$ cat work-v1.tsv   # TSV, C-alpha atoms
chain	number	residue	atom	x	y	z
P	1	MET	CA	-18.06	-28.52	-28.04
P	2	SER	CA	-16.00	-26.92	-30.80
P	3	LEU	CA	-12.46	-25.59	-30.38
P	4	GLU	CA	-13.69	-22.10	-31.21
P	5	LYS	CA	-16.28	-22.27	-28.41
P	6	LEU	CA	-13.65	-23.50	-25.95
P	7	LEU	CA	-11.39	-20.58	-26.80
P	8	GLN	CA	-14.27	-18.16	-26.33
P	9	ASP	CA	-15.15	-19.69	-22.96
P	10	GLY	CA	-11.50	-19.63	-21.91
P	11	ALA	CA	-11.13	-15.95	-22.78
P	12	GLU	CA	-14.28	-15.13	-20.80
P	13	ALA	CA	-13.04	-17.11	-17.80
P	14	MET	CA	-9.69	-15.29	-17.85
P	15	ALA	CA	-11.38	-11.90	-18.15
P	16	ALA	CA	-13.58	-12.74	-15.15
P	17	ASN	CA	-10.57	-13.98	-13.11
P	18	ARG	CA	-12.03	-17.49	-13.05
P	19	PHE	CA	-8.58	-18.92	-13.61
P	20	GLU	CA	-9.33	-22.42	-12.33
P	21	ASP	CA	-12.12	-22.71	-14.92
P	22	ALA	CA	-9.77	-21.35	-17.58
P	23	VAL	CA	-7.18	-24.02	-16.75
P	24	GLY	CA	-9.71	-26.79	-17.43
P	25	ILE	CA	-11.01	-25.14	-20.61
P	26	TYR	CA	-7.58	-24.53	-22.16
P	27	SER	CA	-6.41	-28.00	-21.17
P	28	GLU	CA	-9.36	-29.47	-23.07
P	29	ALA	CA	-8.64	-27.16	-26.02
P	30	CYS	CA	-5.01	-28.34	-26.16
P	31	GLN	CA	-6.09	-31.99	-26.15
P	32	MET	CA	-8.73	-31.41	-28.83
P	33	SER	CA	-6.26	-29.58	-31.08
P	34	ASN	CA	-3.66	-32.30	-30.65
P	35	LEU	CA	-6.16	-35.01	-31.61
P	36	GLU	CA	-7.30	-33.07	-34.68
P	37	ASN	CA	-3.86	-32.03	-35.95
P	38	GLY	CA	-1.56	-34.68	-34.54
P	39	LYS	CA	0.68	-32.11	-32.83
P	40	ASP	CA	0.66	-29.50	-30.08
P	41	ASP	CA	-0.38	-25.93	-30.89
P	42	PRO	CA	2.02	-23.44	-29.20
P	43	ASP	CA	-0.62	-20.69	-29.16
P	44	LEU	CA	-2.99	-22.89	-27.15
P	45	MET	CA	-0.15	-24.15	-24.97
P	46	PHE	CA	0.73	-20.56	-24.10
P	47	LEU	CA	-2.87	-19.80	-23.08
P	48	TYR	CA	-2.93	-22.96	-20.96
P	49	GLY	CA	0.39	-22.08	-19.28
P	50	LYS	CA	-0.75	-18.52	-18.56
P	51	ALA	CA	-4.00	-19.78	-17.02
P	52	LEU	CA	-2.03	-22.19	-14.81
P	53	PHE	CA	0.21	-19.36	-13.63
P	54	GLU	CA	-2.65	-16.99	-12.88
P	55	ASN	CA	-4.51	-19.73	-11.02
P	56	ALA	CA	-1.41	-20.54	-8.96
P	57	VAL	CA	-0.98	-16.88	-8.04
P	58	GLN	CA	-4.64	-16.53	-7.13
P	59	SER	CA	-4.84	-19.71	-5.05
P	60	SER	CA	-1.59	-19.23	-3.15
P	61	ASP	CA	-1.81	-15.44	-2.70
P	62	VAL	CA	1.82	-15.10	-3.70
P	63	LEU	CA	1.44	-11.50	-4.78
P	64	GLY	CA	0.72	-10.04	-1.37
P	65	ASN	CA	-1.14	-11.95	1.31
P	66	VAL	CA	1.71	-14.38	1.95
P	67	GLU	CA	3.61	-11.64	3.82
P	68	LYS	CA	0.56	-10.89	5.96
P	69	LYS	CA	0.19	-14.59	6.72
P	70	LYS	CA	3.85	-14.79	7.69
P	71	GLU	CA	3.48	-11.82	10.03
P	72	ARG	CA	0.44	-13.41	11.68
P	73	GLU	CA	2.34	-16.66	12.17
P	74	GLU	CA	5.33	-14.83	13.66
P	75	LYS	CA	3.04	-12.99	16.10
P	76	ARG	CA	1.33	-16.23	17.09
P	77	ASP	CA	4.70	-17.91	17.63
P	78	THR	CA	5.83	-14.99	19.81
P	79	ASP	CA	2.64	-15.12	21.90
P	80	THR	CA	3.01	-18.83	22.60
P	81	LYS	CA	6.78	-18.90	23.07
P	82	ASP	CA	6.75	-17.94	26.77
P	83	LYS	CA	4.04	-20.46	27.59
P	84	ASP	CA	5.93	-23.21	25.74
P	85	GLU	CA	9.10	-22.43	27.69
P	86	GLU	CA	7.22	-22.63	31.00
P	87	ASP	CA	5.61	-25.96	30.14
P	88	VAL	CA	8.50	-27.67	28.40
P	89	GLN	CA	10.24	-28.96	31.55
P	90	PHE	CA	7.02	-30.36	32.97
P	91	GLN	CA	6.08	-31.96	29.66
P	92	PHE	CA	9.55	-33.40	29.24
P	93	ASN	CA	9.55	-35.01	32.67
P	94	ASP	CA	6.09	-36.51	32.14
P	95	LYS	CA	7.07	-37.79	28.73
P	96	LEU	CA	10.28	-39.29	30.07
P	97	ALA	CA	8.41	-41.09	32.83
P	98	GLU	CA	5.86	-42.45	30.36
P	99	GLU	CA	8.59	-43.67	28.02
P	100	GLU	CA	10.38	-45.47	30.87
P	101	ASP	CA	7.14	-47.23	31.89
P	102	GLU	CA	6.44	-48.19	28.27
P	103	GLU	CA	9.96	-49.56	27.79
P	104	GLU	CA	9.62	-51.76	30.88
P	105	GLU	CA	6.25	-53.08	29.69
P	106	GLU	CA	7.60	-53.77	26.19
P	107	GLU	CA	10.58	-55.69	27.59
P	108	GLU	CA	8.27	-57.89	29.66
P	109	GLU	CA	5.97	-58.54	26.69
P	110	GLU	CA	8.88	-59.41	24.39
P	111	GLU	CA	10.10	-62.02	26.86
P	112	GLU	CA	6.68	-63.70	26.71
P	113	LEU	CA	6.37	-63.60	22.89
P	114	PRO	CA	7.32	-66.70	20.89
P	115	ALA	CA	10.44	-66.39	18.75
P	116	ASN	CA	8.51	-66.73	15.47
P	117	LYS	CA	6.14	-63.90	16.50
P	118	ILE	CA	9.09	-61.57	17.08
P	119	ALA	CA	10.57	-62.58	13.71
P	120	ASP	CA	7.27	-61.83	11.91
P	121	GLU	CA	7.07	-58.40	13.49
P	122	SER	CA	10.68	-57.69	12.52
P	123	ASP	CA	10.00	-58.62	8.87
P	124	SER	CA	6.88	-56.45	8.83
P	125	SER	CA	8.84	-53.53	10.23
P	126	ASP	CA	11.51	-53.90	7.52
P	127	GLU	CA	8.86	-53.87	4.81
P	128	GLU	CA	7.39	-50.65	6.19
P	129	VAL	CA	10.79	-48.97	6.21
P	130	GLU	CA	11.51	-50.06	2.63
P	131	ALA	CA	8.14	-48.87	1.31
P	132	PRO	CA	8.77	-46.10	-1.24
P	133	ASN	CA	7.46	-42.62	-0.51
P	134	GLU	CA	4.84	-41.25	-2.82
P	135	GLU	CA	6.06	-38.45	-5.08
P	136	ALA	CA	4.90	-34.98	-4.13
P	137	GLU	CA	2.19	-33.61	-6.38
P	138	GLN	CA	3.39	-30.90	-8.78
P	139	SER	CA	2.20	-27.37	-8.15
P	140	ASP	CA	0.49	-25.24	-10.79
P	141	PHE	CA	3.65	-23.12	-10.90
P	142	GLU	CA	5.76	-26.15	-11.82
P	143	ILE	CA	3.25	-27.42	-14.36
P	144	ALA	CA	2.94	-23.93	-15.89
P	145	TRP	CA	6.71	-23.61	-16.26
P	146	GLU	CA	6.98	-27.02	-17.93
P	147	ILE	CA	4.09	-26.25	-20.30
P	148	LEU	CA	5.67	-22.91	-21.23
P	149	ASP	CA	9.08	-24.52	-21.70
P	150	LEU	CA	7.51	-26.90	-24.22
P	151	THR	CA	5.76	-23.92	-25.82
P	152	ARG	CA	9.13	-22.18	-26.10
P	153	ILE	CA	10.59	-25.16	-27.95
P	154	LEU	CA	7.67	-25.25	-30.39
P	155	TYR	CA	7.92	-21.51	-31.15
P	156	ASP	CA	11.69	-21.76	-31.52
P	157	GLU	CA	11.31	-24.51	-34.10
P	158	GLU	CA	8.73	-22.56	-36.09
P	159	ILE	CA	10.77	-19.34	-36.03
P	160	ASN	CA	14.05	-21.05	-36.92
P	161	ASN	CA	12.37	-22.80	-39.86
P	162	THR	CA	11.16	-19.47	-41.25
P	163	LYS	CA	13.57	-17.71	-43.61
P	164	ILE	CA	12.71	-14.04	-43.76
P	165	ASN	CA	14.61	-10.75	-43.74
P	166	ILE	CA	13.23	-7.99	-41.52
P	167	LYS	CA	14.82	-4.78	-40.37
P	168	GLU	CA	14.90	-4.04	-36.66
P	169	PRO	CA	12.78	-3.13	-34.83
P	170	TYR	CA	10.55	-5.77	-36.38
P	171	ASN	CA	7.27	-4.23	-35.24
P	172	ASP	CA	8.02	-1.00	-37.13
P	173	ASN	CA	8.45	-2.92	-40.38
P	174	ILE	CA	5.50	-5.30	-40.28
P	175	ASN	CA	3.68	-6.25	-43.49
P	176	GLU	CA	1.51	-9.08	-44.81
P	177	GLU	CA	4.54	-11.15	-45.75
P	178	ASN	CA	6.21	-11.11	-42.34
P	179	LYS	CA	3.16	-10.60	-40.09
P	180	GLU	CA	2.86	-14.24	-39.02
P	181	PHE	CA	6.56	-14.47	-38.21
P	182	ILE	CA	6.49	-11.29	-36.11
P	183	ASN	CA	3.41	-12.49	-34.22
P	184	LYS	CA	5.15	-15.77	-33.34
P	185	TYR	CA	8.31	-13.89	-32.36
P	186	SER	CA	6.26	-11.58	-30.13
P	187	ARG	CA	4.52	-14.52	-28.49
P	188	LEU	CA	7.89	-16.18	-27.83
P	189	CYS	CA	8.92	-12.99	-26.02
P	190	ASP	CA	5.78	-13.36	-23.91
P	191	VAL	CA	6.70	-16.96	-23.14
P	192	TYR	CA	10.15	-16.03	-21.85
P	193	MET	CA	8.79	-13.19	-19.73
P	194	LEU	CA	6.06	-15.38	-18.23
P	195	MET	CA	8.59	-18.11	-17.44
P	196	GLY	CA	10.64	-15.42	-15.70
P	197	ASP	CA	7.56	-14.36	-13.72
P	198	ILE	CA	7.03	-17.92	-12.52
P	199	SER	CA	10.65	-18.31	-11.43
P	200	LEU	CA	10.55	-14.91	-9.69
P	201	GLU	CA	7.44	-15.92	-7.74
P	202	ASN	CA	9.17	-19.17	-6.75
P	203	GLU	CA	12.26	-17.18	-5.70
P	204	ASN	CA	14.36	-19.03	-8.27
P	205	PHE	CA	16.19	-15.85	-9.17
P	206	ILE	CA	18.93	-17.45	-11.27
P	207	GLN	CA	16.33	-18.99	-13.59
P	208	SER	CA	14.24	-15.81	-13.68
P	209	ILE	CA	17.32	-13.82	-14.74
P	210	GLU	CA	18.04	-16.31	-17.52
P	211	ASP	CA	14.49	-16.05	-18.88
P	212	TYR	CA	14.21	-12.28	-18.45
P	213	GLU	CA	17.59	-11.74	-20.15
P	214	LYS	CA	16.43	-13.72	-23.16
P	215	GLY	CA	13.10	-11.88	-23.22
P	216	ASN	CA	14.82	-8.48	-23.04
P	217	LYS	CA	17.19	-9.29	-25.91
P	218	MET	CA	14.31	-10.42	-28.09
P	219	LEU	CA	12.16	-7.40	-27.24
P	220	LEU	CA	15.00	-5.07	-28.27
P	221	LYS	CA	14.77	-6.57	-31.75
P	222	LEU	CA	10.99	-6.37	-31.79
P	223	PHE	CA	10.28	-2.83	-30.51
P	224	ASN	CA	11.86	0.60	-30.39
P	225	LEU	CA	13.06	1.95	-27.05
P	226	ASN	CA	9.77	3.76	-26.37
P	227	ASN	CA	7.75	0.56	-26.01
P	228	GLY	CA	6.14	-0.18	-22.64
P	229	ARG	CA	6.73	-3.94	-22.87
P	230	LEU	CA	10.45	-3.30	-23.10
P	231	HIS	CA	10.35	-0.97	-20.09
P	232	GLU	CA	8.48	-3.54	-17.99
P	233	ALA	CA	10.89	-6.29	-19.02
P	234	LYS	CA	13.91	-4.21	-17.99
P	235	PHE	CA	12.32	-3.41	-14.63
P	236	LYS	CA	11.63	-7.09	-13.90
P	237	LEU	CA	15.19	-8.01	-14.82
P	238	SER	CA	16.45	-5.41	-12.35
P	239	LEU	CA	14.26	-6.94	-9.61
P	240	SER	CA	15.62	-10.43	-10.22
P	241	TYR	CA	19.20	-9.23	-10.07
P	242	GLU	CA	18.58	-7.35	-6.82
P	243	PHE	CA	16.97	-10.37	-5.17
P	244	LEU	CA	20.12	-12.41	-5.79
P	245	GLY	CA	21.40	-10.56	-2.73
P	246	ASP	CA	25.06	-10.40	-3.73
P	247	GLU	CA	27.35	-7.62	-4.93
P	248	VAL	CA	27.27	-8.67	-8.58
P	249	GLY	CA	23.47	-8.84	-8.56
P	250	LEU	CA	23.17	-5.38	-7.01
P	251	ASN	CA	25.52	-3.88	-9.60
P	252	LYS	CA	23.56	-5.48	-12.44
P	253	SER	CA	20.28	-4.29	-10.93
P	254	ILE	CA	21.59	-0.71	-10.90
P	255	GLU	CA	22.81	-1.09	-14.48
P	256	CYS	CA	19.34	-2.20	-15.60
P	257	MET	CA	17.68	0.78	-13.93
P	258	LYS	CA	20.14	3.19	-15.56
P	259	GLU	CA	19.37	1.66	-18.96
P	260	LEU	CA	15.64	1.98	-18.28
P	261	LEU	CA	16.05	5.60	-17.21
P	262	ASP	CA	17.90	6.36	-20.45
P	263	MET	CA	14.94	4.96	-22.41
P	264	ILE	CA	12.25	7.06	-20.73
P	265	GLU	CA	13.91	10.13	-19.19
P	266	ASN	CA	13.01	12.56	-21.99
P	267	ARG	CA	9.46	11.34	-22.57
P	268	GLU	CA	6.81	13.75	-21.30
P	269	GLU	CA	4.14	11.04	-21.10
P	270	ASP	CA	6.33	8.91	-18.80
P	271	LYS	CA	6.97	11.50	-16.08
P	272	GLY	CA	5.42	9.32	-13.38
P	273	LEU	CA	7.46	6.31	-14.43
P	274	VAL	CA	10.62	8.43	-14.60
P	275	GLU	CA	10.18	9.50	-10.96
P	276	GLU	CA	9.51	5.91	-9.91
P	277	VAL	CA	12.64	4.65	-11.67
P	278	LYS	CA	14.77	7.47	-10.23
P	279	SER	CA	13.52	6.66	-6.73
P	280	ARG	CA	14.32	2.98	-7.12
P	281	LEU	CA	17.74	3.76	-8.62
P	282	TYR	CA	18.51	6.05	-5.68
P	283	ASP	CA	17.55	3.32	-3.18
P	284	LEU	CA	19.78	0.79	-4.93
P	285	GLN	CA	22.72	3.18	-5.02
P	286	VAL	CA	22.31	3.95	-1.30
P	287	LEU	CA	22.32	0.22	-0.60
P	288	GLN	CA	25.42	-0.18	-2.77
P	289	ARG	CA	27.27	2.55	-0.84
P	290	GLU	CA	26.29	0.98	2.48
P	291	ARG	CA	27.63	-2.40	1.41
P	292	ASN	CA	30.86	-0.90	0.08
P	293	LYS	CA	31.35	0.93	3.38
P	294	GLU	CA	30.71	-2.25	5.37
P	295	LYS	CA	33.11	-4.15	3.16
P	296	ALA	CA	35.84	-1.53	3.60
P	297	GLN	CA	35.40	-1.61	7.39
P	298	LEU	CA	35.53	-5.39	7.43
P	299	VAL	CA	38.66	-5.47	5.28
P	300	GLY	CA	40.33	-2.97	7.62
P	301	LEU	CA	39.54	-5.10	10.66
P	302	LEU	CA	40.64	-8.35	9.08
P	303	LYS	CA	43.93	-6.96	7.78
P	304	GLY	CA	45.08	-6.41	11.32
P	305	VAL	CA	44.02	-9.90	12.39
P	306	SER	CA	45.19	-11.80	9.31
P	307	SER	CA	48.33	-9.86	8.36
P	308	GLY	CA	50.41	-12.99	8.63
P	309	SER	CA	48.15	-15.05	6.36
P	310	GLY	CA	48.44	-13.00	3.19
P	311	SER	CA	45.91	-10.84	1.35
P	312	GLY	CA	44.38	-13.82	-0.43
P	313	SER	CA	43.08	-15.31	2.81
P	314	VAL	CA	41.69	-11.93	3.86
P	315	ASP	CA	39.71	-11.64	0.62
P	316	ALA	CA	38.35	-15.15	1.13
P	317	VAL	CA	37.21	-14.33	4.67
P	318	VAL	CA	35.60	-11.10	3.46
P	319	ALA	CA	33.74	-12.95	0.74
P	320	ARG	CA	32.31	-15.37	3.28
P	321	ASP	CA	31.44	-12.77	5.90
P	322	LEU	CA	29.75	-10.41	3.46
P	323	SER	CA	26.99	-12.94	2.97
P	324	GLY	CA	25.84	-12.02	6.46
P	325	LEU	CA	25.65	-8.35	5.56
P	326	VAL	CA	23.13	-8.83	2.79
P	327	LYS	CA	19.73	-7.41	3.73
P	328	LYS	CA	17.08	-8.46	1.23
P	329	ARG	CA	14.12	-6.12	0.96
P	330	LYS	CA	10.62	-7.52	0.71
P	331	LYS	CA	8.48	-7.42	-2.41
P	332	ASN	CA	5.05	-5.94	-2.07
P	333	SER	CA	2.01	-6.98	-4.06
P	334	SER	CA	2.99	-4.92	-7.13
P	335	GLY	CA	6.39	-6.52	-7.40
P	336	ARG	CA	8.03	-3.32	-6.08
P	337	VAL	CA	10.68	-3.41	-3.41
P	338	SER	CA	9.51	-1.95	-0.14
P	339	LYS	CA	11.81	0.63	1.39
$ encode --input "work-v1.tsv" --output "structure tokens"
Amino acid sequence: MSLEKLLQDGAEAMAANRFEDAVGIYSEACQMSNLENGKDDPDLMFLYGKALFENAVQSSDVLGNVEKKKEREEKRDTDTKDKDEEDVQFQFNDKLAEEEDEEEEEEEEEEELPANKIADESDSSDEEVEAPNEEAEQSDFEIAWEILDLTRILYDEEINNTKINIKEPYNDNINEENKEFINKYSRLCDVYMLMGDISLENENFIQSIEDYEKGNKMLLKLFNLNNGRLHEAKFKLSLSYEFLGDEVGLNKSIECMKELLDMIENREEDKGLVEEVKSRLYDLQVLQRERNKEKAQLVGLLKGVSSGSGSGSVDAVVARDLSGLVKKRKKNSSGRVSK
């Protein structure tokens, strides 16, 4: 099968949401290209990484059903809790009696065993303890992130080796001479944003912020402020900051939403998005005021208790206790924060 046919089949599989098939197809395409050219093709690597991510999302139901599953498990645990508490004493007593009987039998058997038999069993037991554990198999999320990280390196090398002068925003000044460069630059933006998506799904918010920040900076050079890709990138960055759960993250999340609102507020075609952003910004600011109020109350209480320890110790106690005040809101299937 030719590389062109593989790419066609891969595109069809992605369009039909047959992501597992797409993973196999693009993996084969990457291998074929490497054998033919002696190096990895970042465009194919990106397609492979994206297919891995989509397949991981589809197979693990990260974008919605995981919350429903959690709720079902919590309900089941609640239903069985009372029964477990009733039975635990009975089970414990039975188990204790069985263990005592077994210990007595084992002691009698050990007395009858020859010394060399006991030594052999001891050696065997040591070998079992020392046996190395098998490494856990990597998830599609982890593989996708590693593939995309390699893709990022390849695109970076190609872009850095290209000497070309382009006015910002790049996409408004595209021509035949710089078209290939701009396409690679745009794809590198996609790589960073997809890496951020993976980290966000894995709740690795620090890493998602790092990738989204880089993607946002690059997109600002690529597009003007009216571009939808830039708006989406800013929204995702705000989400990652909020999910950090601390004061700094909340402040940065609000800052991102204000910047996004400035980009779209006067655009007639974005009225729906404007209302959505305003609603989210309002929710974040309410949360910020609540936390500030709680912090002020806590400081007031602790000042009376810790007046002899100095203000520095009060601030330290506040910093520790505030971690218990953080109330993370759940993501729904669209990536929005539920109210």
$ residues_around --input "work-v1.tsv" --residues "Gln138 of chain P" --least-positions-apart "6" --cutoff "12 Å" --atoms "only C-alpha atoms" --output "PyMOL selection string"
chain P and resi 52+56+144-146
$ closest_atom_pairs --input "work-v1.tsv" --of "segment 172-275 of chain P" --to "segment 147-150 of chain P" --cutoff "10 Å" --atoms "all atoms listed in the file" --output "Markdown table"
| residue | atom | partner | partner_atom | distance |
| --- | --- | --- | --- | --- |
| P:Leu188 | CA | P:Leu148 | CA | 9.7 |
| P:Asp190 | CA | P:Leu148 | CA | 9.9 |
| P:Val191 | CA | P:Leu148 | CA | 6.3 |
| P:Tyr192 | CA | P:Leu148 | CA | 8.2 |
| P:Leu194 | CA | P:Leu148 | CA | 8.1 |
| P:Met195 | CA | P:Leu148 | CA | 6.8 |
$ atom_distance --input "work-v1.tsv" --atom1 "atom CA of Val286 of chain P" --atom2 "atom CA of Leu261 of chain P"
17.2 Å
$ atom_distance --input "work-v1.tsv" --atom1 "atom CA of Glu28 of chain P" --atom2 "atom CA of Leu3 of chain P"
8.8 Å
$ residues_around --input "work-v1.tsv" --residues "Ala11 of chain P" --least-positions-apart "5" --cutoff "9 Å" --atoms "all atoms listed in the file" --output "list in words"
Leu6, Ala16 and Ala22 of chain P
$ residues_around --input "work-v1.tsv" --residues "segment 233-238 of chain P" --least-positions-apart "2" --cutoff "8 Å" --atoms "all atoms listed in the file" --output "list of chain:residue names"
P:Met193, P:Ser208, P:Ile209, P:Tyr212, P:Glu213, P:Gly215, P:Asn216, P:Arg229, P:Leu230, P:His231, P:Ser240, P:Tyr241, P:Glu242, P:Lys252, P:Ser253, P:Ile254, P:Glu255, P:Cys256, P:Met257, P:Leu260
$ atom_distance --input "work-v1.tsv" --atom1 "atom CA of Asn224 of chain P" --atom2 "atom CA of Asp211 of chain P"
20.4 Å
$ residues_around --input "work-v1.tsv" --residues "Glu275 of chain P" --least-positions-apart "4" --cutoff "12 Å" --atoms "all atoms listed in the file" --output "list of chain:residue names"
P:Met257, P:Leu260, P:Leu261, P:Ile264, P:Glu265, P:Asn266, P:Arg267, P:Glu268, P:Glu269, P:Asp270, P:Lys271, P:Ser279, P:Arg280, P:Leu281, P:Tyr282
$ residues_around --input "work-v1.tsv" --residues "Glu4 of chain P" --least-positions-apart "2" --cutoff "12 Å" --atoms "all atoms listed in the file" --output "count of residues only"
16
